[in-house]
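Visitor: Supplied structure: my_file-v1.csv, CSV, C-alpha atoms.
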chain,number,residue,atom,x,y,z
A,1,MET,CA,-16.6,-5.0,4.9
A,2,ALA,CA,-16.8,-7.6,7.7
A,3,VAL,CA,-13.4,-8.8,8.8
A,4,PRO,CA,-13.1,-12.4,9.9
A,5,PRO,CA,-11.5,-13.0,13.3
A,6,LEU,CA,-7.7,-13.5,13.0
A,7,ASP,CA,-7.0,-15.2,16.4
A,8,ALA,CA,-6.2,-18.6,14.8
A,9,ALA,CA,-4.3,-17.1,12.0
A,10,LEU,CA,-2.1,-15.1,14.4
A,11,ALA,CA,-0.7,-18.1,16.3
A,12,PRO,CA,2.0,-19.4,13.8
A,13,VAL,CA,3.1,-15.8,12.8
A,14,GLN,CA,3.4,-14.7,16.4
A,15,ALA,CA,5.4,-17.8,17.3
A,16,LEU,CA,7.9,-17.1,14.5
A,17,ALA,CA,8.1,-13.4,15.5
A,18,GLU,CA,8.8,-14.3,19.1
A,19,ARG,CA,11.6,-16.7,18.1
A,20,HIS,CA,13.2,-14.1,15.9
A,21,PRO,CA,13.2,-10.6,17.4
A,22,MET,CA,14.4,-9.0,14.1
A,23,LEU,CA,11.0,-9.7,12.6
A,24,ARG,CA,8.2,-7.2,13.1
A,25,LEU,CA,4.6,-8.4,13.3
A,26,GLU,CA,2.1,-5.7,12.5
A,27,ARG,CA,-1.5,-6.3,13.5
A,28,LYS,CA,-3.7,-4.3,11.2
A,29,PRO,CA,-7.4,-3.7,11.7
A,30,ALA,CA,-8.2,-6.2,8.9
A,31,GLY,CA,-5.0,-8.3,8.6
A,32,LEU,CA,-1.5,-9.2,9.6
A,33,ALA,CA,1.8,-8.2,8.1
A,34,LEU,CA,5.2,-9.8,8.9
A,35,HIS,CA,8.1,-7.5,8.1
A,36,TYR,CA,11.5,-9.2,7.6
A,37,ARG,CA,13.6,-6.2,6.4
A,38,GLN,CA,16.0,-6.7,9.4
A,39,ALA,CA,16.2,-10.5,8.7
A,40,PRO,CA,16.1,-11.1,5.0
A,41,ALA,CA,17.4,-14.7,5.5
A,42,LEU,CA,14.0,-15.5,7.2
A,43,GLU,CA,12.0,-14.8,4.0
A,44,ASP,CA,11.1,-18.5,3.5
A,45,ALA,CA,10.1,-19.0,7.1
A,46,CYS,CA,7.9,-15.9,7.0
A,47,LEU,CA,6.2,-17.1,3.8
A,48,ALA,CA,5.6,-20.5,5.5
A,49,ALA,CA,4.2,-18.9,8.6
A,50,MET,CA,1.9,-16.6,6.7
A,51,SER,CA,0.8,-19.4,4.4
A,52,GLU,CA,-0.2,-21.3,7.5
A,53,ALA,CA,-2.0,-18.2,8.8
A,54,LEU,CA,-3.8,-17.9,5.5
A,55,ALA,CA,-5.0,-21.5,5.8
A,56,ARG,CA,-6.4,-20.8,9.2
A,57,SER,CA,-8.5,-17.8,8.0
A,58,GLU,CA,-11.4,-17.3,5.6
A,59,GLY,CA,-11.8,-14.7,2.9
A,60,MET,CA,-8.2,-13.6,3.1
A,61,ALA,CA,-5.4,-13.4,0.5
A,62,LEU,CA,-1.7,-13.6,0.8
A,63,MET,CA,0.4,-10.7,-0.5
A,64,HIS,CA,4.2,-10.6,-0.8
A,65,GLY,CA,5.7,-7.1,-0.9
A,66,LYS,CA,9.1,-5.6,-0.3
A,67,MET,CA,10.5,-7.5,2.7
A,68,VAL,CA,6.9,-8.1,4.0
A,69,VAL,CA,4.3,-10.8,3.8
A,70,GLU,CA,0.7,-9.9,4.5
A,71,ILE,CA,-2.7,-11.5,4.8
A,72,LYS,CA,-5.5,-9.1,4.1
A,73,PRO,CA,-9.2,-9.4,3.1
A,74,ARG,CA,-9.4,-10.8,-0.4
A,75,ARG,CA,-11.4,-7.8,-1.7
A,76,ALA,CA,-9.3,-5.1,-0.1
A,77,SER,CA,-6.7,-3.2,-2.2
A,78,LYS,CA,-5.2,0.2,-2.5
A,79,GLY,CA,-7.2,0.6,-5.7
A,80,ALA,CA,-10.4,0.1,-3.8
A,81,ALA,CA,-9.2,2.7,-1.2
A,82,VAL,CA,-8.5,5.3,-3.9
A,83,ARG,CA,-11.9,4.6,-5.4
A,84,SER,CA,-13.5,5.2,-1.9
A,85,PHE,CA,-11.6,8.5,-1.6
A,86,LEU,CA,-12.9,9.7,-5.0
A,87,ASP,CA,-16.5,9.0,-3.8
A,88,GLU,CA,-16.0,11.5,-1.0
A,89,ARG,CA,-17.2,15.0,-1.6
A,90,PRO,CA,-13.9,16.8,-1.4
A,91,PHE,CA,-12.3,14.4,-4.0
A,92,ARG,CA,-15.2,14.0,-6.4
A,93,HIS,CA,-14.4,14.9,-10.0
A,94,ARG,CA,-10.7,15.2,-9.2
A,95,ARG,CA,-7.8,13.7,-11.1
A,96,PRO,CA,-6.1,11.3,-8.8
A,97,TRP,CA,-2.3,11.1,-8.4
A,98,PHE,CA,-0.8,8.0,-6.8
A,99,PHE,CA,2.8,7.5,-5.8
A,100,GLY,CA,4.0,4.1,-4.7
A,101,ASP,CA,7.0,1.8,-4.4
A,102,ASP,CA,5.6,-1.7,-3.8
A,103,VAL,CA,3.6,-4.5,-5.4
A,104,THR,CA,0.7,-3.5,-3.1
A,105,ASP,CA,0.5,-0.2,-5.0
A,106,GLU,CA,-0.1,-1.8,-8.4
A,107,ALA,CA,-3.9,-2.1,-7.8
A,108,ALA,CA,-4.0,1.7,-7.1
A,109,PHE,CA,-1.9,2.4,-10.2
A,110,GLU,CA,-4.4,0.4,-12.3
A,111,PHE,CA,-7.4,2.1,-10.9
A,112,VAL,CA,-5.9,5.6,-11.1
A,113,LEU,CA,-4.9,5.1,-14.7
A,114,SER,CA,-8.4,3.8,-15.5
A,115,VAL,CA,-10.0,7.1,-14.4
A,116,GLY,CA,-7.4,9.3,-16.2
A,117,GLY,CA,-5.2,9.9,-13.2
A,118,VAL,CA,-1.4,9.8,-12.8
A,119,ALA,CA,0.5,6.8,-11.5
A,120,VAL,CA,4.1,7.3,-10.3
A,121,LYS,CA,6.4,4.4,-9.5
A,122,VAL,CA,9.1,5.2,-6.9
A,123,GLY,CA,12.2,3.2,-7.4
A,124,PRO,CA,13.1,0.3,-9.7
A,125,GLY,CA,11.0,-2.6,-10.8
A,126,GLU,CA,8.2,-3.4,-13.2
A,127,SER,CA,5.1,-1.4,-12.9
A,128,LEU,CA,1.8,-0.4,-14.5
A,129,ALA,CA,2.7,3.2,-13.6
A,130,THR,CA,3.4,5.5,-16.5
A,131,HIS,CA,5.8,7.8,-14.6
A,132,ARG,CA,8.8,7.1,-12.4
A,133,LEU,CA,10.9,8.8,-9.7
A,134,ALA,CA,14.1,7.3,-8.5
A,135,ASP,CA,13.6,7.3,-4.7
A,136,PRO,CA,11.7,9.0,-1.8
A,137,ALA,CA,14.1,12.0,-1.9
A,138,ALA,CA,13.1,12.5,-5.6
A,139,VAL,CA,9.4,12.5,-4.6
A,140,ARG,CA,10.0,15.1,-1.9
A,141,GLY,CA,11.9,17.3,-4.3
A,142,TRP,CA,9.2,17.0,-6.9
A,143,ILE,CA,6.5,17.9,-4.4
A,144,ALA,CA,8.5,20.8,-3.2
A,145,ARG,CA,8.9,22.1,-6.7
A,146,ALA,CA,5.3,21.6,-7.6
A,147,THR,CA,4.0,23.3,-4.4
A,148,SER,CA,6.4,26.2,-4.9
A,149,ALA,CA,5.2,26.7,-8.4
A,150,LEU,CA,1.6,26.7,-7.2
A,151,ALA,CA,2.4,29.2,-4.5
A,152,GLU,CA,3.8,31.6,-7.1
A,153,THR,CA,0.9,31.2,-9.5
A,154,PRO,CA,-2.2,33.3,-8.7
A,155,VAL,CA,-5.3,31.2,-8.7
A,156,GLU,CA,-9.0,31.9,-8.2
A,157,ARG,CA,-10.6,30.0,-5.4
A,158,VAL,CA,-13.6,28.0,-6.4
A,159,SER,CA,-16.2,26.3,-4.2
A,160,PRO,CA,-16.4,22.5,-4.6
Written as structure tokens, how would this file's structure read?

Guide:
Amino acid sequence: MAVPPLDAALAPVQALAERHPMLRLERKPAGLALHYRQAPALEDACLAAMSEALARSEGMALMHGKMVVEIKPRRASKGAAVRSFLDERPFRHRRPWFFGDDVTDEAAFEFVLSVGGVAVKVGPGESLATHRLADPAAVRGWIARATSALAETPVERVSP
């Protein structure tokens, strides 16, 4: 997917981030994210700067997540990323599991559920996910228990 140049879009966001050191500007290969977790009072200013950045770019979309505003290619999503993984040889014909805690994870939940996978929402909030864990510590505990159970279960190795 070709990514449009973001130089013009960067200017208003960079100017805001320079005025407010508590903001964190993240330059991604195909987009920009402005994190305001350390300065929640600046949410409206961040939305305004990113909206201006969006107006200066083509083929991009604005996404508002947990304490972050992002512009990204309109066609990019975590659901598309999971689909790409499942097209790769080691993941073909596998049942995907996806754990997520943000609005940006909903596209992945939707895709994973559509192919018979498991979607797990971490933390509170509305979600398409059909399972939920309270917080990242609960995820780590669940993974530890699952991998421990696998280690204790004899399995036959099969070639992919």

Visitor: Please determine, counting all atoms listed in the file, which residue among A:Val103, A:Asp135, A:Met50, A:Glu58 has the shortest atom-to-atom distance to A:Ala17.

Guide: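 Nearest to A:Ala17: A:Met50.
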
Visitor: For A:Met67, which of A:Ala41, A:Ser84, A:His35, A:Gly79 is the closest residue, counting all atoms listed in the file?

Guide: A:His35

Visitor: Between atom CA of A:Leu133 and atom CA of A:Arg95, measure the distance and give it in Å to one decimal.

Guide: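 Atom CA of A:Arg95 lies 19.4 Å from atom CA of A:Leu133.
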
Visitor: Find the distance between atom CA of A:Cys46 and atom CA of A:Pro124 and write it in Å to one decimal.

Guide: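 Computing it gives 23.8 Å between the two atoms.
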
Visitor: Find the residues near A:Glu106: any atom within 8 Å, counting all atoms listed in the file, skip ones fewer than 5 places away on the same chain, and give them as a list of chain:residue names.

Guide: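 Answer for this query is A:Gly79, A:Ser127, A:Leu128, A:Ala129.
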
Visitor: Report, in Å with one decimal, the straight-line distance from atom CA of A:Ala15 to atom CA of A:Lys78.

Guide: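 Spanning atom CA of A:Ala15 to atom CA of A:Lys78 is a straight-line distance of 28.8 Å.
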
Visitor: What residues have an atom no more than 10 Å from (-4.9, -21.0, 15.2) in the file's own frame, counting only C-alpha atoms, and can you write them as a count of residues only?

Guide: 13

Visitor: Counting only C-alpha atoms, I want the residues whose atoms come within 6 Å of (8.9, 6.8, -11.0) in the file frame, returned as a list of chain:residue names.

Guide: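 The residues near that point, listed by chain and number, are A:Val120, A:Lys121, A:Val122, A:His131, A:Arg132, A:Leu133, A:Ala134.
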
Visitor: Go through A:Pro136, A:Asp44, A:His93, A:Leu23 and flag the residue nearest A:Gly123, using only C-alpha atoms for the distances.

Guide: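 Ranked by minimum distance to A:Gly123, first place goes to A:Pro136.
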
Visitor: Neighbouring residues of A:Arg94 were defined as those with any atom within 12 Å, considering all atoms listed in the file; residues of the same chain fewer than 5 positions away were excluded. Please report them as a short mmCIF file (atom, residue, chain, number, x, y, z; two decimals) with C-alpha atoms, keeping the file's coordinate frame.

Guide:
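File out_33.cif, as written:
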data_model
loop_
_atom_site.label_atom_id
_atom_site.label_comp_id
_atom_site.auth_asym_id
_atom_site.auth_seq_id
_atom_site.Cartn_x
_atom_site.Cartn_y
_atom_site.Cartn_z
CA VAL A 82 -8.50 5.30 -3.90
CA ARG A 83 -11.90 4.60 -5.40
CA PHE A 85 -11.60 8.50 -1.60
CA LEU A 86 -12.90 9.70 -5.00
CA ASP A 87 -16.50 9.00 -3.80
CA GLU A 88 -16.00 11.50 -1.00
CA ARG A 89 -17.20 15.00 -1.60
CA VAL A 112 -5.90 5.60 -11.10
CA VAL A 115 -10.00 7.10 -14.40
CA GLY A 116 -7.40 9.30 -16.20
CA GLY A 117 -5.20 9.90 -13.20
CA VAL A 118 -1.40 9.80 -12.80
CA PRO A 160 -16.40 22.50 -4.60
#

Visitor: Is it possible to add N, CA and C atoms to stretch 1-28 of chain A and hand it back as a PDB file, keeping the file's coordinate frame?

Guide:
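Generated file (out-v4.pdb):
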ATOM      1  N   MET A   1     -17.009  -3.647   5.156  1.00  0.00           N
ATOM      2  CA  MET A   1     -16.600  -5.000   4.900  1.00  0.00           C
ATOM      3  C   MET A   1     -16.315  -5.694   6.207  1.00  0.00           C
ATOM      4  N   ALA A   2     -16.970  -6.805   6.439  1.00  0.00           N
ATOM      5  CA  ALA A   2     -16.800  -7.600   7.700  1.00  0.00           C
ATOM      6  C   ALA A   2     -15.415  -8.283   7.606  1.00  0.00           C
ATOM      7  N   VAL A   3     -14.688  -8.213   8.703  1.00  0.00           N
ATOM      8  CA  VAL A   3     -13.400  -8.800   8.800  1.00  0.00           C
ATOM      9  C   VAL A   3     -13.467 -10.082   9.641  1.00  0.00           C
ATOM     10  N   PRO A   4     -13.029 -11.228   9.106  1.00  0.00           N
ATOM     11  CA  PRO A   4     -13.100 -12.400   9.900  1.00  0.00           C
ATOM     12  C   PRO A   4     -12.096 -12.344  11.088  1.00  0.00           C
ATOM     13  N   PRO A   5     -12.397 -13.056  12.190  1.00  0.00           N
ATOM     14  CA  PRO A   5     -11.500 -13.000  13.300  1.00  0.00           C
ATOM     15  C   PRO A   5     -10.114 -13.658  12.894  1.00  0.00           C
ATOM     16  N   LEU A   6      -9.039 -13.089  13.409  1.00  0.00           N
ATOM     17  CA  LEU A   6      -7.700 -13.500  13.000  1.00  0.00           C
ATOM     18  C   LEU A   6      -6.952 -14.227  14.134  1.00  0.00           C
ATOM     19  N   ASP A   7      -7.633 -14.581  15.215  1.00  0.00           N
ATOM     20  CA  ASP A   7      -7.000 -15.200  16.400  1.00  0.00           C
ATOM     21  C   ASP A   7      -6.218 -16.480  15.956  1.00  0.00           C
ATOM     22  N   ALA A   8      -6.878 -17.366  15.227  1.00  0.00           N
ATOM     23  CA  ALA A   8      -6.200 -18.600  14.800  1.00  0.00           C
ATOM     24  C   ALA A   8      -5.098 -18.368  13.838  1.00  0.00           C
ATOM     25  N   ALA A   9      -5.283 -17.385  12.972  1.00  0.00           N
ATOM     26  CA  ALA A   9      -4.300 -17.100  12.000  1.00  0.00           C
ATOM     27  C   ALA A   9      -3.013 -16.476  12.651  1.00  0.00           C
ATOM     28  N   LEU A  10      -3.208 -15.787  13.742  1.00  0.00           N
ATOM     29  CA  LEU A  10      -2.100 -15.100  14.400  1.00  0.00           C
ATOM     30  C   LEU A  10      -1.094 -16.049  15.022  1.00  0.00           C
ATOM     31  N   ALA A  11      -1.531 -17.193  15.515  1.00  0.00           N
ATOM     32  CA  ALA A  11      -0.700 -18.100  16.300  1.00  0.00           C
ATOM     33  C   ALA A  11       0.665 -18.447  15.590  1.00  0.00           C
ATOM     34  N   PRO A  12       0.669 -18.976  14.350  1.00  0.00           N
ATOM     35  CA  PRO A  12       2.000 -19.400  13.800  1.00  0.00           C
ATOM     36  C   PRO A  12       2.865 -18.159  13.465  1.00  0.00           C
ATOM     37  N   VAL A  13       2.275 -17.029  13.157  1.00  0.00           N
ATOM     38  CA  VAL A  13       3.100 -15.800  12.800  1.00  0.00           C
ATOM     39  C   VAL A  13       3.666 -15.252  14.103  1.00  0.00           C
ATOM     40  N   GLN A  14       2.864 -15.211  15.147  1.00  0.00           N
ATOM     41  CA  GLN A  14       3.400 -14.700  16.400  1.00  0.00           C
ATOM     42  C   GLN A  14       4.478 -15.568  16.974  1.00  0.00           C
ATOM     43  N   ALA A  15       4.322 -16.885  16.834  1.00  0.00           N
ATOM     44  CA  ALA A  15       5.400 -17.800  17.300  1.00  0.00           C
ATOM     45  C   ALA A  15       6.681 -17.561  16.604  1.00  0.00           C
ATOM     46  N   LEU A  16       6.632 -17.374  15.289  1.00  0.00           N
ATOM     47  CA  LEU A  16       7.900 -17.100  14.500  1.00  0.00           C
ATOM     48  C   LEU A  16       8.470 -15.766  14.949  1.00  0.00           C
ATOM     49  N   ALA A  17       7.646 -14.752  15.082  1.00  0.00           N
ATOM     50  CA  ALA A  17       8.100 -13.400  15.500  1.00  0.00           C
ATOM     51  C   ALA A  17       8.760 -13.442  16.865  1.00  0.00           C
ATOM     52  N   GLU A  18       8.212 -14.236  17.756  1.00  0.00           N
ATOM     53  CA  GLU A  18       8.800 -14.300  19.100  1.00  0.00           C
ATOM     54  C   GLU A  18      10.134 -15.029  19.104  1.00  0.00           C
ATOM     55  N   ARG A  19      10.313 -16.011  18.193  1.00  0.00           N
ATOM     56  CA  ARG A  19      11.600 -16.700  18.100  1.00  0.00           C
ATOM     57  C   ARG A  19      12.677 -15.854  17.427  1.00  0.00           C
ATOM     58  N   HIS A  20      12.251 -14.872  16.622  1.00  0.00           N
ATOM     59  CA  HIS A  20      13.200 -14.100  15.900  1.00  0.00           C
ATOM     60  C   HIS A  20      12.859 -12.570  16.074  1.00  0.00           C
ATOM     61  N   PRO A  21      13.480 -11.948  17.052  1.00  0.00           N
ATOM     62  CA  PRO A  21      13.200 -10.600  17.400  1.00  0.00           C
ATOM     63  C   PRO A  21      13.419  -9.538  16.268  1.00  0.00           C
ATOM     64  N   MET A  22      14.163  -9.922  15.247  1.00  0.00           N
ATOM     65  CA  MET A  22      14.400  -9.000  14.100  1.00  0.00           C
ATOM     66  C   MET A  22      13.184  -8.897  13.212  1.00  0.00           C
ATOM     67  N   LEU A  23      12.242  -9.820  13.365  1.00  0.00           N
ATOM     68  CA  LEU A  23      11.000  -9.700  12.600  1.00  0.00           C
ATOM     69  C   LEU A  23      10.066  -8.778  13.299  1.00  0.00           C
ATOM     70  N   ARG A  24       9.207  -8.117  12.511  1.00  0.00           N
ATOM     71  CA  ARG A  24       8.200  -7.200  13.100  1.00  0.00           C
ATOM     72  C   ARG A  24       6.834  -7.638  12.654  1.00  0.00           C
ATOM     73  N   LEU A  25       6.029  -8.044  13.616  1.00  0.00           N
ATOM     74  CA  LEU A  25       4.600  -8.400  13.300  1.00  0.00           C
ATOM     75  C   LEU A  25       3.778  -7.181  13.492  1.00  0.00           C
ATOM     76  N   GLU A  26       3.024  -6.882  12.458  1.00  0.00           N
ATOM     77  CA  GLU A  26       2.100  -5.700  12.500  1.00  0.00           C
ATOM     78  C   GLU A  26       0.693  -6.239  12.432  1.00  0.00           C
ATOM     79  N   ARG A  27      -0.049  -5.957  13.479  1.00  0.00           N
ATOM     80  CA  ARG A  27      -1.500  -6.300  13.500  1.00  0.00           C
ATOM     81  C   ARG A  27      -2.247  -5.123  12.953  1.00  0.00           C
ATOM     82  N   LYS A  28      -2.931  -5.347  11.867  1.00  0.00           N
ATOM     83  CA  LYS A  28      -3.700  -4.300  11.200  1.00  0.00           C
ATOM     84  C   LYS A  28      -5.182  -4.530  11.564  1.00  0.00           C
TER      85      LYS A  28
END
